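See below for the structure under consideration.
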Amino acid sequence: MRTARASDLSMVGRLSDFPLLDAVYVGTVRSPVSRGAIRSISVPHLPRGYRSVTADDIPGSARIDSIGASVPVLASGRVAYRGEPVALIVGPDRLRVAEAVSMTAVRVDEEPASFGYEACESRRLVAAYSTDSGSVDAALAKAARVVDGEYRMGPQDHYYPEPQGAAAGFDYDKLIVFSSTQWPFQARDAVAQALGVRKDEVVVRTTSLGSHLDGKLWYPSLLACHAAIAARLSGKNALLLLSRTDDFMYTTKRAPTLVSYRAGLDEAGKLVAMDASVMINVGAYAPFGAELVERAAKAVAGAYACPSLRVAARAVSTDLPPMGAFMGLGTGPVAFAVERLAEDLADAAGMDPYEWRAMNVARRGDQTLGPPLRKGAPLDAVCDRLLAISDYPRKRSSFELIRKRRPDPSSPPGYGIGLAFGPQRPATALSCRDAQAPSVEVTLSKDSTLTIRSSVASGSGAVTRIWKRIAATSLGLSPEAVEVATPSTDEVPDSGPNVFSRRIGVVTRLIGSACDGLASKRFREALPITVRKSQRARSAKAAPESPLDDASWGAAVVELELDPVDAAPTVRGIWLVAKAGRILSREDAAAALERDAAVALGLCVAECLDLSDGPADPGDLRRYGLWRIKDAPPIQVEFVDDDAEPKGIGELAYSLVPAAFANALSQALDSPWNALPTCRRSEGVDDDS
Amino acid sequence: MIVEFILNGEDVSLKADPLERLSDLLRERFDLTSLMSDCREGVCGKCVVFLDGLLVNSCMVPAFKARGTEVVTYEGFKSTESFATVERSFREAGAELCGFCDSALFMAAGSLIEATVRPSEEEIMEVLSSVYCRCVTPSRALGAVKAALESSLGGKYGRAR
């Protein structure tokens with residue numbers, strides 16, 4: 001008997017608050033090995049009211065389409081990573097479900113597993129993207145100086161404020177799924193596929209996302225399928241909430257990335273050729289693999305002009321849990337790499353890092369990064385202010401003097417200051433399916449209240465206030481008369497995935513446009529009036545445009561000092577300047593960038609995870625150092641005045657701070673530091689000592 | 001065993017396993033959902049309660065330790081003057097929270113007010129750091145707590161200790 005009613009299920013902020021009266025818990029039985037063929041699954045005798053679920057019990061498709069990949073709902077036949085779900089145990093008591101999960105034996109004929117990605121077999125290659133312009137080999141042969149560099153970004157956990165999960169229950173003929181997802185329509189489609197029902201028979205309501213760092217793009221869809229299947233088979237509300245340990249060990253992580261460059265300079269220090277390779281470890285199944293490599297490849301030259309450029313980006317499948325997005329898709333590690341390379345190239349040319357950047361920055365008409373730029377990269381506009389507030393030129397000169405004149409060259413100079421500059425690509429630059437025509441709807445009711453509907457959750461009070469203010473101003477209403485509907489797939493249009501600052505870059509623009517449309521109808525049509533606006537896809541016949549023309553830009557400076565005893569870096573300050581169109585709320589934007597800069601720094605110096613020898617274990621979670629509020633250095637944020645349309649800033653700090661930090665650390669150590677987070681041992685330095 | 005204690009001002013008594021976590025007991029038996037307990041190792045700080053006036057991670061407190069104590073959760077803390085001061089200060093400072101750690105951060109800030117001493121900035125940050133939170137802007141949180149302390153303790157913050 002289905003007991004749930006919509007009234008019981010309408011308000012769930014956090015999954016852990018899901019009402020448990022007459023509900024069942026869902027426990028996950030996982031693969032004990034990283035690769036192999038499943039021989040048997042032995043479930044213990046279960047008491048009345050409990051049941052197990054294997055792939056054979058799935059009512060619909062046993063696999064779901066997840067952004068270019070086909071992911072098993074429950075593994076059947078083979079397992080592709082340790083911890084892969086192979087069965088579910090469903091029952092009314094959480095502890096008894098956990099006990100049954102632990103007593104279930106999964107026997108697998110284990111096969112040798114592969115975790116490395118830097119050199120891979122061709123069968124492991126799941127996506128590739130390459131581009132070639134100019135005569136790279138000839139230009140490198142003629143170059144006055146050639147610089148090689150390898151830059152690594154390791155895996156990291158998103159450490160959500162609440163571990164991932166999902167809940168589901170029937171409301172008459174519809175299945176209501178509660179999911180903490182960035183993309184509710186993707187979760188809805190996955191659940192419908194797994195249950196073998198029409199999409200309109202499934203409703204996904206988004207619960208609080210918290211700080212997700214883009215880790216909730218597709219994995220919540222898998223958990224939503226598990227909860228939905230449990231609800232369907234048990235006829236009761238079902239809750240699946242991972243433990244912190246399971247979330248840490250088995251959900252997606254930042255995809256480890258290696259970026260290798262060979263770059264050539266002419267006599268004056270001008271960049272003449274670049275041969276780049278990007279290798280990304282996407283773990284098992286590789287959702288977003290194609291998106292990751294394409295975005296990484298297109299970001300490989302950063303903000304710089306290079307007449308001869310060759311890029312080969314590859315996504316490599318390994319027997320680790322699926323890896324993927326982490327504050328952007330593929331661009332973060334590449335932004336770190338190219339800004340480290342810029343510093344190495346400046347060093348090779350004997351130039352100041354800022355002067356080298358000024359000489360090589362992409363200008364109007366430049367085609368390094370694709371179609372000709374309509375506007376050059378605004379290095380001067382951004383850095384003029386940044387260099388002034390950070391006192392970068394003076395400090396760098398001083399630290400260089402200390403570095404060169406230190407009495408003992410075997411000990412590090414101890415002081416460093418680093419600069420990084422780069423773009424955040426626009427929110428529209430996502431090429432995967434269903435993300436091309438995001439829509440927003442506004443409805444003016446008879447009582448003069450306006451409702452904004454979007455599947456992209458506002459996520460914060462600041463964004464909600466901005467949306468309300470824009471709508472209220474456009475229609476001459478009080479902001480109190482504007483409400484933002486809770487994202488629920490039966491009530492809001494699909495606004496695409498909540499990534500790349502879409503809330504500002506796409507949804508805010510569409511709200512403004514929809515409200516303007518509504519204003520023109522307001523006194524001509526009877527209330528209620530609803531206006532829906534969709535972002536039109538670019539015509540195939542339109543002249544190609546560089547995505548950088550609509551990018552936001554930023555630059556960061558990080559200053560640090562090394563502890564004289566253990567050489568641990570202490571960051572003295574972070575300065576960040578952004579040029580991101582019209583800033584809709586300067587205070588809120590500055591607060592957001594300051595917080596992002598602090599978290600980004602934490603990701604540089606802590607939060608270390610080594611998966612080179614296999615998947616994470618509970619000990620890795622205990623050793624996983626978390627950034628705390630007290631660890632934040634003084635951070636100063638400013639914005640360059642810009643009349644252009646508002647643009648996103650959500651990824652800027654995560655792209656710029658790591659590079660600026662590594663550049664500062666390289667100066668302080670007088671040795672290139674090319675891997676983050678700093679506790680990685682791949683550079684031959686044991687930071688734990 | 002029977003565990004008797006004062007919970008948010010009321011005498012309560014219940015049968016519990018002596019080693020049951022206080023966080024589980026409060027959340028599952030008393031439906032006090034403000035506290036979360038996802039790390040269960042005293043790391044995240046989202047399960048903090050006042051135990052005899054001290055801020056503790058309730059996931060690290062076994063049920064038998066709660067016998068005869070006074071426990072105040074966020075639900076109880078919300079009825080205090082300290083909460084009103086802290087909540088107002090965070091709002092006025094623009095220190096936005098995501099809904100997962102606000103109860104714990106407010107209680108951490110409240111513990112500083114309850115202590116009636118003037119902590120240094122470092123001490124404030126240390127206490128706020130007992131809660132793992134990626135959503136708050138550090139300077140805003142610090143400003144909010146300083147304003148709350150000024151408001152409750154009176155006088156210019158930080159002048160006297």
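Residue numbering restarts at 1 for every chain of the structure tokens, chains are lettered A, B, ... in their displayed order, and ligands are numbered from 1 as they appear.
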
Query raised in the report: Do you know which residues are at most 6 Å from segment 60-65 of chain A counting only C-alpha atoms, after dropping those on the same chain fewer than 2 positions away, and could you put them as number ranges by chain?
Result: A: 58, 69-73, 190, 193-196

Any chance you could export the current selection's N, CA and C atoms as a compact mmCIF listing (two decimals), in the first residue's frame?
# COMPACT_ATOMS: atom_id res chain seq x y z
N ILE A 58 15.20 -4.58 -11.21
CA ILE A 58 14.97 -3.20 -11.69
C ILE A 58 13.82 -3.22 -12.71
N ALA A 69 27.68 8.74 -21.03
CA ALA A 69 28.11 7.44 -20.51
C ALA A 69 26.88 6.64 -20.12
N SER A 70 27.06 5.34 -20.11
CA SER A 70 25.98 4.46 -19.67
C SER A 70 26.42 3.85 -18.35
N VAL A 71 25.69 4.16 -17.30
CA VAL A 71 26.10 3.75 -15.95
C VAL A 71 25.09 2.71 -15.43
N PRO A 72 25.57 1.53 -14.96
CA PRO A 72 24.61 0.56 -14.41
C PRO A 72 23.95 1.11 -13.15
N VAL A 73 22.65 0.89 -13.04
CA VAL A 73 21.96 1.28 -11.81
C VAL A 73 22.46 0.40 -10.67
N ALA A 190 16.62 10.03 -15.54
CA ALA A 190 17.29 8.79 -15.13
C ALA A 190 16.33 7.88 -14.35
N GLN A 193 13.82 6.33 -16.62
CA GLN A 193 14.46 5.27 -17.40
C GLN A 193 14.60 4.01 -16.56
N ALA A 194 15.03 4.16 -15.33
CA ALA A 194 15.24 2.98 -14.47
C ALA A 194 13.92 2.32 -14.07
N LEU A 195 12.88 3.11 -13.95
CA LEU A 195 11.59 2.53 -13.57
C LEU A 195 10.78 2.09 -14.79
N GLY A 196 11.21 2.53 -15.97
CA GLY A 196 10.48 2.18 -17.18
C GLY A 196 9.13 2.87 -17.25

For chain A, work out the contacting residues on chain B at 6 Å, counting only C-alpha atoms, and write them as a PDB file with N, CA and C atoms, in the first residue's frame.
ATOM      1  N   ASP B  38      26.906  13.713  10.621  1.00  0.00           N
ATOM      2  CA  ASP B  38      27.320  12.905   9.484  1.00  0.00           C
ATOM      3  C   ASP B  38      28.731  12.352   9.588  1.00  0.00           C
ATOM      4  N   CYS B  39      29.630  13.033  10.301  1.00  0.00           N
ATOM      5  CA  CYS B  39      30.988  12.481  10.365  1.00  0.00           C
ATOM      6  C   CYS B  39      31.099  11.441  11.483  1.00  0.00           C
ATOM      7  N   CYS B  98      24.360  28.270   4.647  1.00  0.00           N
ATOM      8  CA  CYS B  98      23.679  27.450   3.644  1.00  0.00           C
ATOM      9  C   CYS B  98      22.532  26.624   4.194  1.00  0.00           C
ATOM     10  N   MET B 125      37.885  32.949  16.004  1.00  0.00           N
ATOM     11  CA  MET B 125      38.051  32.101  14.823  1.00  0.00           C
ATOM     12  C   MET B 125      38.265  30.648  15.217  1.00  0.00           C
ATOM     13  N   GLU B 126      38.958  30.445  16.318  1.00  0.00           N
ATOM     14  CA  GLU B 126      39.190  29.080  16.804  1.00  0.00           C
ATOM     15  C   GLU B 126      37.853  28.407  17.139  1.00  0.00           C
ATOM     16  N   SER B 129      35.847  27.696  14.128  1.00  0.00           N
ATOM     17  CA  SER B 129      36.452  26.605  13.365  1.00  0.00           C
ATOM     18  C   SER B 129      36.094  25.234  13.910  1.00  0.00           C
ATOM     19  N   THR B 137      31.573  33.305   4.615  1.00  0.00           N
ATOM     20  CA  THR B 137      32.734  34.150   4.330  1.00  0.00           C
ATOM     21  C   THR B 137      33.423  34.454   5.656  1.00  0.00           C
ATOM     22  N   PRO B 138      34.698  34.080   5.803  1.00  0.00           N
ATOM     23  CA  PRO B 138      35.342  34.174   7.114  1.00  0.00           C
ATOM     24  C   PRO B 138      35.247  35.564   7.756  1.00  0.00           C
TER      25      PRO B 138
END

Query raised in the report: Any idea what's packed within 8 Å of Leu32 of chain B, counting only C-alpha atoms, ignoring anything in its chain fewer than 3 positions away? Could you give it as a PyMOL selection string?
Result: chain B and resi 26-28+35+73+75

Since we have the selection now, will you write its residues out, keeping C-alpha atoms, as a compact mmCIF listing (two decimals), in the first residue's frame?
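Contents of the output file result-v3.txt:
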# COMPACT_ATOMS: atom_id res chain seq x y z
CA LEU B 26 18.55 13.42 20.50
CA ARG B 27 17.81 13.19 16.82
CA GLU B 28 16.02 9.86 16.69
CA LEU B 35 21.73 18.74 14.85
CA THR B 73 20.23 21.87 21.65
CA GLU B 75 15.95 24.14 19.52

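In this comparison, which uses only C-alpha atoms, the residue of B:Leu55, B:Cys101, B:Ala148, B:Met60 approaching Phe83 of chain B most closely is B:Ala148.
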
Report task. Name all residues at most 8 Å from segment 84-89 of chain B (count only C-alpha atoms; drop same-chain ones fewer than 3 positions away) and give them as a PyMOL selection string. Result -> chain B and resi 78-81+92-93+106+109-110+144-145+147-148+151-152

Query raised in the report: What residues in chain B get the DSSP label alpha helix (DSSP H)? Please answer as a PyMOL selection string.
Result: chain B and resi 22-24+74-77+81-92+102-114+121-128+138-153

Report as a tab-separated table (two decimals) with N, CA and C atoms, in the first residue's frame: the residues of segment 109-354 of chain A with a DSSP assignment of strand (DSSP E), based on the backbone of this structure.
chain	number	residue	atom	x	y	z
A	109	ASP	N	35.11	-12.76	-9.18
A	109	ASP	CA	36.37	-13.26	-9.72
A	109	ASP	C	37.22	-12.04	-10.06
A	110	GLU	N	38.14	-11.76	-9.16
A	110	GLU	CA	38.88	-10.50	-9.28
A	110	GLU	C	39.85	-10.53	-10.44
A	125	LEU	N	40.99	4.51	-23.28
A	125	LEU	CA	40.72	5.89	-23.73
A	125	LEU	C	39.22	6.03	-24.01
A	126	VAL	N	38.55	6.90	-23.26
A	126	VAL	CA	37.10	7.01	-23.45
A	126	VAL	C	36.68	8.29	-24.17
A	127	ALA	N	37.54	9.27	-24.20
A	127	ALA	CA	37.22	10.49	-24.94
A	127	ALA	C	38.52	11.20	-25.27
A	128	ALA	N	38.53	11.81	-26.42
A	128	ALA	CA	39.74	12.56	-26.83
A	128	ALA	C	39.31	13.79	-27.61
A	129	TYR	N	40.12	14.81	-27.52
A	129	TYR	CA	39.85	16.04	-28.28
A	129	TYR	C	41.21	16.62	-28.64
A	130	SER	N	41.39	16.92	-29.90
A	130	SER	CA	42.67	17.49	-30.28
A	130	SER	C	42.44	18.65	-31.24
A	131	THR	N	43.39	19.53	-31.25
A	131	THR	CA	43.34	20.66	-32.17
A	131	THR	C	44.77	21.04	-32.53
A	132	ASP	N	44.93	21.57	-33.71
A	132	ASP	CA	46.27	21.83	-34.23
A	132	ASP	C	46.20	23.08	-35.10
A	133	SER	N	47.04	24.04	-34.80
A	133	SER	CA	47.09	25.22	-35.68
A	133	SER	C	48.54	25.65	-35.83
A	145	ARG	N	64.22	29.56	-27.10
A	145	ARG	CA	64.21	28.77	-25.86
A	145	ARG	C	63.01	27.85	-25.87
A	146	VAL	N	63.19	26.66	-25.38
A	146	VAL	CA	62.08	25.71	-25.27
A	146	VAL	C	61.95	25.31	-23.80
A	147	VAL	N	60.75	25.39	-23.31
A	147	VAL	CA	60.50	25.07	-21.90
A	147	VAL	C	59.53	23.89	-21.82
A	148	ASP	N	59.88	22.89	-21.02
A	148	ASP	CA	58.99	21.76	-20.78
A	148	ASP	C	58.44	21.85	-19.37
A	149	GLY	N	57.23	21.43	-19.22
A	149	GLY	CA	56.65	21.45	-17.86
A	149	GLY	C	55.54	20.42	-17.74
A	150	GLU	N	55.46	19.82	-16.56
A	150	GLU	CA	54.36	18.90	-16.26
A	150	GLU	C	53.68	19.40	-15.00
A	151	TYR	N	52.37	19.51	-15.04
A	151	TYR	CA	51.62	20.10	-13.92
A	151	TYR	C	50.47	19.16	-13.56
A	152	ARG	N	50.40	18.84	-12.28
A	152	ARG	CA	49.42	17.85	-11.84
A	152	ARG	C	48.45	18.44	-10.82
A	153	MET	N	47.23	18.03	-10.96
A	153	MET	CA	46.21	18.36	-9.95
A	153	MET	C	45.63	17.03	-9.48
A	165	GLY	N	22.57	11.58	-1.09
A	165	GLY	CA	21.49	10.64	-0.86
A	165	GLY	C	20.30	10.98	-1.74
A	166	ALA	N	19.20	10.34	-1.47
A	166	ALA	CA	17.95	10.63	-2.18
A	166	ALA	C	16.82	10.02	-1.38
A	167	ALA	N	15.64	10.54	-1.59
A	167	ALA	CA	14.46	9.97	-0.96
A	167	ALA	C	13.36	9.94	-2.00
A	168	ALA	N	12.44	9.01	-1.84
A	168	ALA	CA	11.37	8.89	-2.83
A	168	ALA	C	10.11	8.37	-2.17
A	169	GLY	N	8.99	8.77	-2.71
A	169	GLY	CA	7.71	8.28	-2.21
A	169	GLY	C	6.62	8.59	-3.23
A	170	PHE	N	5.57	7.79	-3.20
A	170	PHE	CA	4.50	7.99	-4.17
A	170	PHE	C	3.49	9.00	-3.68
A	171	ASP	N	3.04	9.84	-4.58
A	171	ASP	CA	1.94	10.75	-4.32
A	171	ASP	C	0.86	10.36	-5.35
A	174	LYS	N	2.08	9.55	-8.99
A	174	LYS	CA	3.40	10.09	-9.33
A	174	LYS	C	4.42	9.73	-8.28
A	175	LEU	N	5.62	9.52	-8.73
A	175	LEU	CA	6.69	9.26	-7.79
A	175	LEU	C	7.42	10.57	-7.53
A	176	ILE	N	7.46	10.97	-6.28
A	176	ILE	CA	8.17	12.20	-5.93
A	176	ILE	C	9.56	11.80	-5.43
A	177	VAL	N	10.57	12.35	-6.06
A	177	VAL	CA	11.94	12.04	-5.66
A	177	VAL	C	12.58	13.31	-5.11
A	178	PHE	N	13.18	13.20	-3.95
A	178	PHE	CA	13.89	14.32	-3.35
A	178	PHE	C	15.38	14.09	-3.56
A	179	SER	N	15.99	15.02	-4.19
A	179	SER	CA	17.39	14.81	-4.56
A	179	SER	C	18.15	16.11	-4.41
A	202	VAL	N	7.28	11.01	-13.02
A	202	VAL	CA	8.31	11.21	-11.99
A	202	VAL	C	8.48	12.71	-11.76
A	203	VAL	N	8.51	13.10	-10.51
A	203	VAL	CA	8.74	14.51	-10.16
A	203	VAL	C	9.99	14.54	-9.28
A	204	VAL	N	10.94	15.37	-9.64
A	204	VAL	CA	12.13	15.53	-8.79
A	204	VAL	C	12.08	16.89	-8.12
A	205	ARG	N	12.16	16.89	-6.82
A	205	ARG	CA	12.22	18.14	-6.05
A	205	ARG	C	13.63	18.28	-5.48
A	206	THR	N	14.18	19.44	-5.67
A	206	THR	CA	15.55	19.67	-5.23
A	206	THR	C	15.58	20.03	-3.75
A	237	ASN	N	7.60	5.20	1.39
A	237	ASN	CA	8.65	6.21	1.23
A	237	ASN	C	9.99	5.56	1.51
A	238	ALA	N	10.99	5.92	0.73
A	238	ALA	CA	12.30	5.30	0.89
A	238	ALA	C	13.36	6.38	1.03
A	239	LEU	N	14.28	6.17	1.94
A	239	LEU	CA	15.37	7.12	2.16
A	239	LEU	C	16.71	6.42	2.03
A	240	LEU	N	17.56	6.98	1.19
A	240	LEU	CA	18.94	6.51	1.07
A	240	LEU	C	19.84	7.69	1.40
A	241	LEU	N	20.57	7.57	2.47
A	241	LEU	CA	21.49	8.65	2.84
A	241	LEU	C	22.84	8.02	3.14
A	253	LYS	N	34.87	12.31	-7.38
A	253	LYS	CA	35.94	13.19	-6.86
A	253	LYS	C	36.41	14.10	-8.00
A	254	ARG	N	37.27	15.05	-7.64
A	254	ARG	CA	37.91	15.85	-8.70
A	254	ARG	C	38.76	14.88	-9.54
A	257	THR	N	44.38	15.19	-12.94
A	257	THR	CA	44.73	15.68	-14.28
A	257	THR	C	46.23	15.96	-14.37
A	258	LEU	N	46.80	15.55	-15.47
A	258	LEU	CA	48.19	15.88	-15.78
A	258	LEU	C	48.21	16.71	-17.05
A	259	VAL	N	48.81	17.88	-16.97
A	259	VAL	CA	48.93	18.74	-18.15
A	259	VAL	C	50.43	18.89	-18.45
A	260	SER	N	50.81	18.51	-19.66
A	260	SER	CA	52.23	18.60	-20.06
A	260	SER	C	52.36	19.60	-21.20
A	261	TYR	N	53.38	20.41	-21.11
A	261	TYR	CA	53.61	21.41	-22.16
A	261	TYR	C	55.04	21.31	-22.68
A	262	ARG	N	55.20	21.61	-23.94
A	262	ARG	CA	56.49	22.01	-24.50
A	262	ARG	C	56.19	23.33	-25.20
A	263	ALA	N	56.82	24.36	-24.72
A	263	ALA	CA	56.51	25.69	-25.26
A	263	ALA	C	57.78	26.36	-25.74
A	264	GLY	N	57.68	27.09	-26.84
A	264	GLY	CA	58.84	27.76	-27.41
A	264	GLY	C	58.70	29.28	-27.36
A	265	LEU	N	59.82	29.94	-27.05
A	265	LEU	CA	59.85	31.40	-27.00
A	265	LEU	C	60.82	31.91	-28.05
A	271	LEU	N	55.83	34.08	-27.00
A	271	LEU	CA	55.43	32.68	-27.15
A	271	LEU	C	55.19	32.39	-28.63
A	272	VAL	N	55.92	31.42	-29.19
A	272	VAL	CA	55.77	31.14	-30.62
A	272	VAL	C	55.15	29.77	-30.88
A	273	ALA	N	55.26	28.87	-29.93
A	273	ALA	CA	54.69	27.54	-30.17
A	273	ALA	C	54.37	26.86	-28.85
A	274	MET	N	53.35	26.03	-28.90
A	274	MET	CA	52.96	25.31	-27.69
A	274	MET	C	52.43	23.94	-28.11
A	275	ASP	N	53.00	22.92	-27.51
A	275	ASP	CA	52.55	21.55	-27.76
A	275	ASP	C	52.07	21.02	-26.41
A	276	ALA	N	50.78	20.81	-26.29
A	276	ALA	CA	50.23	20.50	-24.96
A	276	ALA	C	49.50	19.16	-24.97
A	277	SER	N	49.59	18.49	-23.85
A	277	SER	CA	48.86	17.25	-23.67
A	277	SER	C	48.13	17.30	-22.34
A	278	VAL	N	46.87	16.88	-22.35
A	278	VAL	CA	46.09	16.85	-21.11
A	278	VAL	C	45.58	15.43	-20.92
A	279	MET	N	45.90	14.83	-19.79
A	279	MET	CA	45.41	13.49	-19.46
A	279	MET	C	44.53	13.60	-18.23
A	280	ILE	N	43.33	13.07	-18.34
A	280	ILE	CA	42.37	13.18	-17.23
A	280	ILE	C	41.92	11.78	-16.83
A	281	ASN	N	42.02	11.50	-15.54
A	281	ASN	CA	41.57	10.21	-15.01
A	281	ASN	C	40.10	10.35	-14.64
A	282	VAL	N	39.25	9.73	-15.44
A	282	VAL	CA	37.81	9.89	-15.19
A	282	VAL	C	37.21	8.72	-14.42
A	283	GLY	N	38.06	7.78	-13.99
A	283	GLY	CA	37.54	6.65	-13.22
A	283	GLY	C	36.66	5.76	-14.07
A	308	SER	N	51.34	28.98	-33.05
A	308	SER	CA	51.36	27.55	-33.37
A	308	SER	C	51.00	26.76	-32.12
A	309	LEU	N	49.88	26.09	-32.18
A	309	LEU	CA	49.37	25.42	-30.98
A	309	LEU	C	48.87	24.03	-31.34
A	310	ARG	N	49.33	23.05	-30.58
A	310	ARG	CA	48.82	21.68	-30.77
A	310	ARG	C	48.37	21.17	-29.40
A	311	VAL	N	47.19	20.66	-29.33
A	311	VAL	CA	46.65	20.16	-28.06
A	311	VAL	C	46.07	18.78	-28.28
A	312	ALA	N	46.39	17.88	-27.39
A	312	ALA	CA	45.74	16.56	-27.38
A	312	ALA	C	45.26	16.32	-25.96
A	313	ALA	N	43.94	16.25	-25.80
A	313	ALA	CA	43.37	16.00	-24.47
A	313	ALA	C	42.69	14.64	-24.49
A	314	ARG	N	42.94	13.86	-23.43
A	314	ARG	CA	42.39	12.50	-23.39
A	314	ARG	C	41.78	12.23	-22.02
A	315	ALA	N	40.64	11.56	-22.04
A	315	ALA	CA	40.02	11.09	-20.80
A	315	ALA	C	40.27	9.59	-20.71
A	316	VAL	N	40.85	9.17	-19.61
A	316	VAL	CA	41.25	7.77	-19.45
A	316	VAL	C	40.38	7.12	-18.37
A	317	SER	N	39.82	5.99	-18.73
A	317	SER	CA	39.00	5.26	-17.78
A	317	SER	C	39.89	4.37	-16.91
A	323	MET	N	35.10	9.80	-11.62
A	323	MET	CA	35.68	11.11	-11.28
A	323	MET	C	35.05	12.16	-12.19
A	324	GLY	N	35.16	13.40	-11.82
A	324	GLY	CA	34.58	14.38	-12.73
A	324	GLY	C	34.75	15.80	-12.28

Report task. Give me the residues within 10 Å of segment 63-68 of chain B as a ChimeraX atom specification, counting only C-alpha atoms and dropping any in the same chain fewer than 3 places off. Result -> /B:1-7,11,13,15-26,51-52,58-60,71

Take the residues that were just selected and, keeping N, CA and C atoms, output them as a tab-separated table (two decimals), in the first residue's frame.
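Now in selection.tsv:
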chain	number	residue	atom	x	y	z
B	1	MET	N	20.08	0.90	30.02
B	1	MET	CA	20.08	1.73	31.21
B	1	MET	C	19.08	2.90	31.06
B	2	ILE	N	18.66	3.43	32.20
B	2	ILE	CA	17.77	4.59	32.17
B	2	ILE	C	18.64	5.85	32.22
B	3	VAL	N	18.42	6.72	31.28
B	3	VAL	CA	19.18	7.97	31.24
B	3	VAL	C	18.23	9.12	31.55
B	4	GLU	N	18.56	9.84	32.61
B	4	GLU	CA	17.74	11.00	32.96
B	4	GLU	C	18.59	12.26	32.84
B	5	PHE	N	18.06	13.23	32.20
B	5	PHE	CA	18.77	14.50	32.11
B	5	PHE	C	17.78	15.62	31.80
B	6	ILE	N	18.28	16.83	31.81
B	6	ILE	CA	17.41	17.96	31.48
B	6	ILE	C	17.68	18.33	30.03
B	7	LEU	N	16.63	18.30	29.23
B	7	LEU	CA	16.78	18.60	27.81
B	7	LEU	C	15.97	19.85	27.48
B	11	ASP	N	12.76	17.97	32.19
B	11	ASP	CA	13.30	16.68	32.65
B	11	ASP	C	12.88	15.60	31.69
B	13	SER	N	13.57	11.31	30.62
B	13	SER	CA	14.08	10.02	31.07
B	13	SER	C	13.78	9.01	29.98
B	15	LYS	N	15.11	4.96	28.15
B	15	LYS	CA	15.96	3.77	28.19
B	15	LYS	C	16.89	3.84	26.98
B	16	ALA	N	18.15	3.67	27.23
B	16	ALA	CA	19.09	3.76	26.10
B	16	ALA	C	20.27	2.85	26.34
B	17	ASP	N	20.90	2.47	25.26
B	17	ASP	CA	22.17	1.75	25.36
B	17	ASP	C	23.19	2.74	25.93
B	18	PRO	N	23.97	2.35	26.92
B	18	PRO	CA	24.90	3.32	27.53
B	18	PRO	C	25.87	3.94	26.52
B	19	LEU	N	26.16	3.18	25.46
B	19	LEU	CA	27.14	3.69	24.50
B	19	LEU	C	26.48	4.35	23.28
B	20	GLU	N	25.19	4.47	23.30
B	20	GLU	CA	24.51	5.14	22.19
B	20	GLU	C	24.97	6.60	22.14
B	21	ARG	N	25.21	7.06	20.95
B	21	ARG	CA	25.68	8.46	20.83
B	21	ARG	C	24.56	9.40	21.24
B	22	LEU	N	24.93	10.45	21.95
B	22	LEU	CA	23.94	11.44	22.36
B	22	LEU	C	23.27	12.06	21.13
B	23	SER	N	24.04	12.24	20.07
B	23	SER	CA	23.48	12.84	18.85
B	23	SER	C	22.36	11.96	18.29
B	24	ASP	N	22.58	10.64	18.25
B	24	ASP	CA	21.55	9.74	17.73
B	24	ASP	C	20.32	9.77	18.63
B	25	LEU	N	20.61	9.79	19.92
B	25	LEU	CA	19.52	9.78	20.89
B	25	LEU	C	18.65	11.03	20.73
B	26	LEU	N	19.30	12.17	20.60
B	26	LEU	CA	18.55	13.42	20.50
B	26	LEU	C	17.79	13.50	19.17
B	51	LEU	N	26.39	21.05	26.86
B	51	LEU	CA	26.28	20.02	27.89
B	51	LEU	C	26.80	20.67	29.17
B	52	ASP	N	25.88	20.92	30.06
B	52	ASP	CA	26.21	21.67	31.28
B	52	ASP	C	26.93	22.98	30.93
B	58	SER	N	28.03	16.27	20.17
B	58	SER	CA	27.22	15.24	20.84
B	58	SER	C	27.44	13.86	20.25
B	59	CYS	N	28.05	13.78	19.06
B	59	CYS	CA	28.32	12.44	18.51
B	59	CYS	C	29.44	11.76	19.29
B	60	MET	N	30.18	12.52	20.07
B	60	MET	CA	31.28	11.95	20.84
B	60	MET	C	30.90	11.72	22.30
B	71	VAL	N	21.24	19.44	28.99
B	71	VAL	CA	21.58	19.49	27.57
B	71	VAL	C	20.71	20.54	26.89

Report summary line: Using only C-alpha atoms, the best pick from A:Tyr219, A:Phe523, A:Tyr354, A:Trp673 as closest to Pro393 of chain A would be A:Tyr354

Query raised in the report: Contacts of Thr54 of chain A at 7 Å or less, counting only C-alpha atoms, minus same-chain residues fewer than 2 places along, as a ChimeraX atom specification?
Result: /A:52,56-57,74,86-88

Report task. Go ahead and compute the interatomic distance for atom CA of Asp102 of chain B and atom CA of Asp247 of chain A, in Å to one decimal. Result -> 21.9 Å

Query - Point-to-point distance in Å for atom CA of Pro184 of chain A and atom CA of Lys236 of chain A - result: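 Spanning atom CA of Lys236 of chain A to atom CA of Pro184 of chain A is a straight-line distance of 21.9 Å.
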